[in-house]
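J.: Starting off with a structure, shown below.
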Amino acid sequence: MAQETSPPSAAAVASQPAPVRVLFRGGGLLGLGCVLFLLVLLSTWLGTKDTSLAQVWSALWGDDGSYATGVIRELRLPRTLVGLLVGASLGVAGALMQTVTRNPLADPGILGVNAGASAAVVFAIGVIGLGDFTSLVWFSFLGAAFASVVVYVLGASGRGGPTPVRLTLAGAAISASLGGVIAGLTVFDAATYDFLRFWMVGSLAGRSPELVLELVPFVLVGVVAAMVLAPSLNALALGDELGRGLGVHLGRVRAGTVVTVTLLCGAATAAAGPIGFVGLVVPLIARRLTGPDLRWSLPYCVLMGPVLVLVSDIVGRVVLPTGELEVGAVTAVVGAPVFIAMVRRFKKVSL
Amino acid sequence: MTVTQTKPAKTSGSARPVLSVRWGRLSFRLHRRTAAVGAASLAVSALLLAVSLCTGAYAVAPGDVARALFFGTGERLAVHFVNQERLPQALLAVLVGCALGISGAIFQNVSRNPLASPDVIGFNSGAATGAITAIVFGGGAAATAAGAIGGGLATAAVVFLLAGSGGFNGVRLVLIGLGVTAMLGSVNSYLLTRSTLHNAQNAHVWLIGTFNGRSWSSVQIMAVALAALLPASVVLNRQLRILEMGDDLAHGLGVRVIRARLALTLLGVGLCGVAVASAGPVPFVALAAPQIALMLTRGPVSVIAAGVTGAALLSGAHLVSHQFLPLLARLHLVAETQRDGQLPVGVTTGVLGGAYLAWVLFHRRRAGAV
């Protein structure tokens, strides 16, 4: 992760006068942008077909019809762009989820999105008999949306609203039930299970250029909506009473946030499968770098999510002598130690 | 046990009937209500077991079941189904349910977290990693069981070590368990994608939790393990109740807190380990059984009640799984050829357990307890 380029710690920055603070944070963003650009180049350069950097550069700007250009434009570039979009979506969705639930450890997976998407994929293949990837994307998106809405409604049914513990429990309940349904549908259906076991890992391989075009509107709308919601969420983070006093409409902001998270996370899961821990780790690190102001931490998430996903994807491509590791298998192995280290550092842990 | 007597014990002025058993220096108290709940759960388990012997894809009349059981005579197929398939599997459901219920009660009380179960602490995902590794490399049932126990124990040890001095701080333990579980989850799905479809499917069924194909040898292992661990649980139940009151009070009452916790945790892991090794990581029984037992007994934690409740729950789930496909076939919802298939029991416990948790959440929405 891009810790080398990180600006000084949030506390040090916060003690600086405002213009210096903006300079530091802006500089950090610029540095992250450069790292991300280099990763995009690296991701389009590395692969089983040897290509030179010059070929990559020219292929990015125009199609000269050569085989190398074809590989880069048809295979590596879509894969890289899907990674970019998925990373940004998961990072932003995680930040929103953690803020709205006031739970620094909320993760889309905890909230049932993955189980919903998986159940929808299994249903589409095993029961309806769909086979092509494009319609599966839509099915898994709808499944994710449905599950997250059910979890939120169940979690918010209490007197105290959607408390973190209730949301987590609701997510566990819905995930367990859907998991049982998935197991029941796949246990006698070898073909569906064969698809599911690969889909479940989370991968960027073999994504088509069309998928990128389908994904872009969801991610754009989601990120813009997140930025629009950021000031209200900042106010809500001070507590419901104070937030209301500052003129925030609690219900609207919460509902808007859940819709945004569903757009982002559902689209990401539909495109790449359930990739774990990006949505958890990226917002945690972004908050450590910028402090709790979402107007700054969200742009960091937009850049750092793709950095983690692309690094994981590149590592997965080069770490094995033959074949490759799926990106989802790498992010969890990279992400979980960070998570555990942070939990161990908390003085007092509470949900 | 030498003396068994019923006497009214004075607790805070009101008489609460307890059964008390004394054996040398060990004494054992059982509240009437707990005893009643335990007896009722046992009766339910026995009834479910009897029903599961008679029914299934191949129905056997109760009279024929009795003849097959006690004399081993009758139609060859009926004798085989009753004695070699249904009885061992139904008994295994009782024993595994009992072990899971007790281990759940221990984990929930030791970590003072009603959500703590061996699945949350990472034991099950470690056991899964061990078992999948064994299955993917072509190991048989014994290797799978050994891999499950080894992997589970190693993972539980790592989670406790990582939780460090705050190891028994419930939330931290659960969070670290979550992290480790997620990491192992990706290792598991990686292993599943790198094996043949046949092996992956076997691992998939094991991961759901199933009694299919289990025979008397599994029952024997489970019975021996429970025979050793059950008395230990009953003896340690008192420590569990005292620990529930808080460390300081427990210390004042003469319990060596750290040692008691360690012993209880080892016991819980051992119980969970034998259960997972013989049936796979059946979800939710360890989580729900102690809670349901508490609700029924309204009393202090009792490992016996939790164990017997777990046995009844898993017997019920086993019966449902056992009957599900034959029932669907009879209603012409699935092809007649799928009639003989048996749903893994984990499907039933997962779906029903999730629904139960959702119901509890919805039901207690006004109480503000959760």
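Naming works like this for the structure tokens: A, B, ... for the chains as they're shown, residue 1 at the start of each chain, ligands 1 onward in shown order.
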List as CSV every residue of segment 87-156 of chain B that is in contact with segment 260-277 of chain B, defined as an atom at most 10 Å from one of its atoms (using only C-alpha atoms), together with the nearest atom pair and the distance in Å rounded to one decimal, sorted by chain and then rising number.

T.:
```
residue,atom,partner,partner_atom,distance
B:Leu92,CA,B:Ala275,CA,9.2
B:Ala93,CA,B:Ala275,CA,9.6
B:Leu95,CA,B:Ala275,CA,8.1
B:Val96,CA,B:Ala275,CA,5.0
B:Gly97,CA,B:Ala275,CA,7.9
B:Cys98,CA,B:Ala275,CA,9.0
B:Ala99,CA,B:Leu271,CA,5.3
B:Leu100,CA,B:Cys272,CA,5.7
B:Gly101,CA,B:Cys272,CA,9.0
B:Ile102,CA,B:Gly268,CA,7.3
B:Ser103,CA,B:Gly268,CA,4.3
B:Gly104,CA,B:Gly268,CA,7.4
B:Ala105,CA,B:Gly268,CA,8.4
B:Ile106,CA,B:Gly268,CA,5.9
B:Phe107,CA,B:Gly268,CA,6.5
B:Asn109,CA,B:Leu264,CA,9.7
B:Val110,CA,B:Arg261,CA,6.5
B:Ser111,CA,B:Arg261,CA,9.1
B:Ser117,CA,B:Cys272,CA,9.5
B:Pro118,CA,B:Cys272,CA,7.0
B:Asp119,CA,B:Cys272,CA,9.4
B:Phe123,CA,B:Val269,CA,7.8
B:Asn124,CA,B:Val276,CA,7.5
B:Ala127,CA,B:Val276,CA,7.5
B:Ala128,CA,B:Val276,CA,9.0
B:Ala131,CA,B:Ala277,CA,8.5
B:Ala141,CA,B:Ala277,CA,9.3
B:Ala142,CA,B:Ala277,CA,9.0
B:Ala143,CA,B:Ala277,CA,9.9
B:Thr144,CA,B:Ala277,CA,7.5
B:Ala145,CA,B:Ala277,CA,4.4
B:Ala146,CA,B:Ala277,CA,7.2
B:Gly147,CA,B:Ala277,CA,8.3
B:Ala148,CA,B:Ala277,CA,5.7
B:Ile149,CA,B:Gly273,CA,5.5
B:Gly150,CA,B:Gly273,CA,8.9
B:Gly151,CA,B:Gly273,CA,9.7
B:Gly152,CA,B:Gly273,CA,7.0
B:Leu153,CA,B:Val269,CA,7.4
B:Ala156,CA,B:Val269,CA,8.0
```

J.: Kindly determine which residues of chain A lie within 8 Å of chain B, considering only C-alpha atoms, and give the answer as number ranges by chain.

T.: A: 154-155, 157-160, 165-166, 169-170, 172-181, 183-184, 187, 190, 193-194, 197-198, 200-201, 276, 328-330, 332-333, 336-337, 339-340, 343-344, 349-351

J.: As number ranges by chain, please: the residues near segment 44-56 of chain A (cut-off 6 Å, only C-alpha atoms, same-chain neighbours under 3 positions excluded).

T.: A: 41, 59, 76-77

J.: Please identify the helix (DSSP H, G or I) residues within segment 36-110 of chain A (assignment by DSSP from backbone atoms) and present them as a VMD selection string.

T.: chain A and resid 36 to 45 53 to 61 67 to 100

J.: Just write the chosen residues, N, CA and C atoms, as a short mmCIF file (atom, residue, chain, number, x, y, z; two decimals), in the first residue's frame.

T.:
```cif
data_model
loop_
_atom_site.label_atom_id
_atom_site.label_comp_id
_atom_site.auth_asym_id
_atom_site.auth_seq_id
_atom_site.Cartn_x
_atom_site.Cartn_y
_atom_site.Cartn_z
N LEU A 36 -0.93 5.58 -8.41
CA LEU A 36 -1.98 4.84 -9.08
C LEU A 36 -1.71 4.79 -10.59
N PHE A 37 -1.25 5.91 -11.14
CA PHE A 37 -0.97 5.94 -12.57
C PHE A 37 0.14 4.93 -12.90
N LEU A 38 1.19 4.92 -12.08
CA LEU A 38 2.28 3.96 -12.30
C LEU A 38 1.76 2.53 -12.22
N LEU A 39 0.85 2.28 -11.26
CA LEU A 39 0.29 0.92 -11.10
C LEU A 39 -0.52 0.52 -12.33
N VAL A 40 -1.25 1.51 -12.89
CA VAL A 40 -2.02 1.22 -14.10
C VAL A 40 -1.07 0.81 -15.22
N LEU A 41 0.04 1.57 -15.36
CA LEU A 41 1.03 1.22 -16.39
C LEU A 41 1.58 -0.19 -16.13
N LEU A 42 1.94 -0.42 -14.86
CA LEU A 42 2.55 -1.71 -14.49
C LEU A 42 1.58 -2.86 -14.78
N SER A 43 0.30 -2.62 -14.46
CA SER A 43 -0.70 -3.66 -14.62
C SER A 43 -0.95 -3.96 -16.09
N THR A 44 -0.80 -2.95 -16.96
CA THR A 44 -0.98 -3.23 -18.39
C THR A 44 0.31 -3.76 -19.01
N TRP A 45 1.41 -3.63 -18.29
CA TRP A 45 2.70 -4.05 -18.84
C TRP A 45 2.98 -5.52 -18.51
N LEU A 53 7.59 -1.43 -22.51
CA LEU A 53 6.86 -0.27 -22.00
C LEU A 53 6.46 0.67 -23.13
N ALA A 54 7.30 0.74 -24.16
CA ALA A 54 6.98 1.60 -25.31
C ALA A 54 5.70 1.11 -25.97
N GLN A 55 5.59 -0.23 -26.11
CA GLN A 55 4.37 -0.79 -26.71
C GLN A 55 3.15 -0.43 -25.87
N VAL A 56 3.30 -0.56 -24.52
CA VAL A 56 2.20 -0.24 -23.63
C VAL A 56 1.77 1.20 -23.85
N TRP A 57 2.77 2.09 -23.88
CA TRP A 57 2.48 3.52 -24.00
C TRP A 57 1.73 3.81 -25.31
N SER A 58 2.23 3.24 -26.39
CA SER A 58 1.57 3.53 -27.66
C SER A 58 0.20 2.87 -27.73
N ALA A 59 0.08 1.66 -27.12
CA ALA A 59 -1.20 0.97 -27.16
C ALA A 59 -2.26 1.74 -26.38
N LEU A 60 -1.82 2.44 -25.31
CA LEU A 60 -2.80 3.19 -24.53
C LEU A 60 -3.42 4.31 -25.34
N TRP A 61 -2.66 4.85 -26.27
CA TRP A 61 -3.17 6.03 -27.00
C TRP A 61 -3.74 5.69 -28.35
N TYR A 67 -0.45 -7.65 -32.53
CA TYR A 67 -0.92 -8.61 -31.55
C TYR A 67 -0.73 -8.07 -30.13
N ALA A 68 0.45 -7.48 -29.88
CA ALA A 68 0.75 -6.95 -28.54
C ALA A 68 -0.27 -5.88 -28.16
N THR A 69 -0.57 -5.01 -29.09
CA THR A 69 -1.55 -3.96 -28.81
C THR A 69 -2.92 -4.57 -28.49
N GLY A 70 -3.25 -5.61 -29.26
CA GLY A 70 -4.52 -6.30 -29.00
C GLY A 70 -4.58 -6.85 -27.59
N VAL A 71 -3.50 -7.52 -27.16
CA VAL A 71 -3.47 -8.08 -25.80
C VAL A 71 -3.66 -6.97 -24.78
N ILE A 72 -2.95 -5.87 -25.01
CA ILE A 72 -3.00 -4.79 -24.02
C ILE A 72 -4.39 -4.14 -23.99
N ARG A 73 -4.93 -3.86 -25.19
CA ARG A 73 -6.20 -3.13 -25.22
C ARG A 73 -7.41 -4.00 -24.91
N GLU A 74 -7.35 -5.28 -25.30
CA GLU A 74 -8.53 -6.13 -25.11
C GLU A 74 -8.52 -6.88 -23.78
N LEU A 75 -7.33 -7.19 -23.28
CA LEU A 75 -7.26 -8.01 -22.06
C LEU A 75 -6.80 -7.21 -20.85
N ARG A 76 -5.60 -6.62 -20.96
CA ARG A 76 -5.00 -6.04 -19.75
C ARG A 76 -5.65 -4.73 -19.35
N LEU A 77 -5.97 -3.90 -20.36
CA LEU A 77 -6.53 -2.60 -20.01
C LEU A 77 -7.92 -2.73 -19.36
N PRO A 78 -8.84 -3.55 -19.93
CA PRO A 78 -10.13 -3.71 -19.24
C PRO A 78 -9.98 -4.25 -17.83
N ARG A 79 -9.09 -5.22 -17.68
CA ARG A 79 -8.87 -5.80 -16.37
C ARG A 79 -8.39 -4.74 -15.39
N THR A 80 -7.45 -3.92 -15.85
CA THR A 80 -6.93 -2.86 -14.99
C THR A 80 -8.01 -1.85 -14.64
N LEU A 81 -8.81 -1.47 -15.66
CA LEU A 81 -9.84 -0.47 -15.40
C LEU A 81 -10.92 -1.01 -14.47
N VAL A 82 -11.28 -2.30 -14.65
CA VAL A 82 -12.25 -2.89 -13.72
C VAL A 82 -11.68 -2.87 -12.30
N GLY A 83 -10.39 -3.19 -12.18
CA GLY A 83 -9.75 -3.13 -10.86
C GLY A 83 -9.82 -1.74 -10.27
N LEU A 84 -9.58 -0.75 -11.12
CA LEU A 84 -9.63 0.66 -10.70
C LEU A 84 -11.01 1.01 -10.15
N LEU A 85 -12.04 0.66 -10.95
CA LEU A 85 -13.41 1.02 -10.57
C LEU A 85 -13.85 0.25 -9.32
N VAL A 86 -13.51 -1.06 -9.29
CA VAL A 86 -13.92 -1.87 -8.15
C VAL A 86 -13.25 -1.37 -6.88
N GLY A 87 -11.96 -1.06 -6.98
CA GLY A 87 -11.24 -0.58 -5.80
C GLY A 87 -11.83 0.71 -5.28
N ALA A 88 -12.09 1.65 -6.21
CA ALA A 88 -12.65 2.93 -5.78
C ALA A 88 -14.01 2.73 -5.13
N SER A 89 -14.86 1.87 -5.75
CA SER A 89 -16.20 1.65 -5.20
C SER A 89 -16.13 1.08 -3.80
N LEU A 90 -15.30 0.04 -3.64
CA LEU A 90 -15.24 -0.62 -2.33
C LEU A 90 -14.70 0.32 -1.28
N GLY A 91 -13.67 1.11 -1.65
CA GLY A 91 -13.09 2.04 -0.68
C GLY A 91 -14.12 3.06 -0.21
N VAL A 92 -14.84 3.66 -1.16
CA VAL A 92 -15.81 4.70 -0.80
C VAL A 92 -16.99 4.08 -0.04
N ALA A 93 -17.47 2.91 -0.53
CA ALA A 93 -18.60 2.27 0.14
C ALA A 93 -18.25 1.94 1.59
N GLY A 94 -17.02 1.44 1.79
CA GLY A 94 -16.59 1.12 3.15
C GLY A 94 -16.58 2.36 4.04
N ALA A 95 -16.06 3.47 3.50
CA ALA A 95 -15.99 4.69 4.30
C ALA A 95 -17.39 5.16 4.69
N LEU A 96 -18.32 5.11 3.73
CA LEU A 96 -19.69 5.53 4.03
C LEU A 96 -20.31 4.63 5.09
N MET A 97 -20.13 3.33 4.92
CA MET A 97 -20.73 2.37 5.84
C MET A 97 -20.19 2.58 7.25
N GLN A 98 -18.88 2.77 7.34
CA GLN A 98 -18.27 2.95 8.66
C GLN A 98 -18.76 4.23 9.31
N THR A 99 -19.00 5.26 8.52
CA THR A 99 -19.46 6.52 9.10
C THR A 99 -20.91 6.42 9.54
N VAL A 100 -21.76 5.88 8.67
CA VAL A 100 -23.18 5.90 8.97
C VAL A 100 -23.51 4.95 10.12
#
```

J.: Ranking A:Gly266, A:Gly251, A:Gly279, A:Pro231 by minimum distance to Phe218 of chain A and counting only C-alpha atoms, which one comes first?

T.: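 Nearest to Phe218 of chain A: A:Gly266.
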
J.: Can you list, as a PyMOL selection string, every protein, DNA or RNA residue that comes within 10 Å of Val150 of chain A when you count only C-alpha atoms, leaving out same-chain residues fewer than 2 positions away?

T.: chain A and resi 111-112+116+145-148+152-156+170-171+174

J.: Could you write out the selected residues, including C-alpha atoms, as a compact mmCIF listing (two decimals), in the first residue's frame?

T.:
```
# COMPACT_ATOMS: atom_id res chain seq x y z
CA LEU A 111 -23.71 -6.36 5.92
CA GLY A 112 -24.85 -9.16 3.66
CA GLY A 116 -26.98 -11.60 -1.51
CA ALA A 145 -29.14 -4.61 -3.35
CA PHE A 146 -31.93 -6.78 -1.99
CA ALA A 147 -29.80 -8.27 0.78
CA SER A 148 -28.42 -4.93 1.94
CA TYR A 152 -30.68 -2.39 6.91
CA VAL A 153 -34.42 -2.61 7.53
CA LEU A 154 -33.95 -5.41 10.05
CA GLY A 155 -31.07 -3.60 11.71
CA ALA A 156 -32.94 -0.31 11.84
CA ALA A 170 -28.83 -8.58 11.03
CA GLY A 171 -26.06 -9.09 8.51
CA ILE A 174 -29.30 -12.79 6.57
```

J.: Residues at most 9 Å from Gly126 of chain A, counting only C-alpha atoms, excluding those fewer than 3 positions away in the same chain, as a list in words?

T.: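 Neighbouring residues, sequence-local ones excluded: Val121, Val122, Phe123, Gly129, Leu130, Leu185, Thr186, Asp189, Ala191, Thr192 and Tyr193 of chain A.
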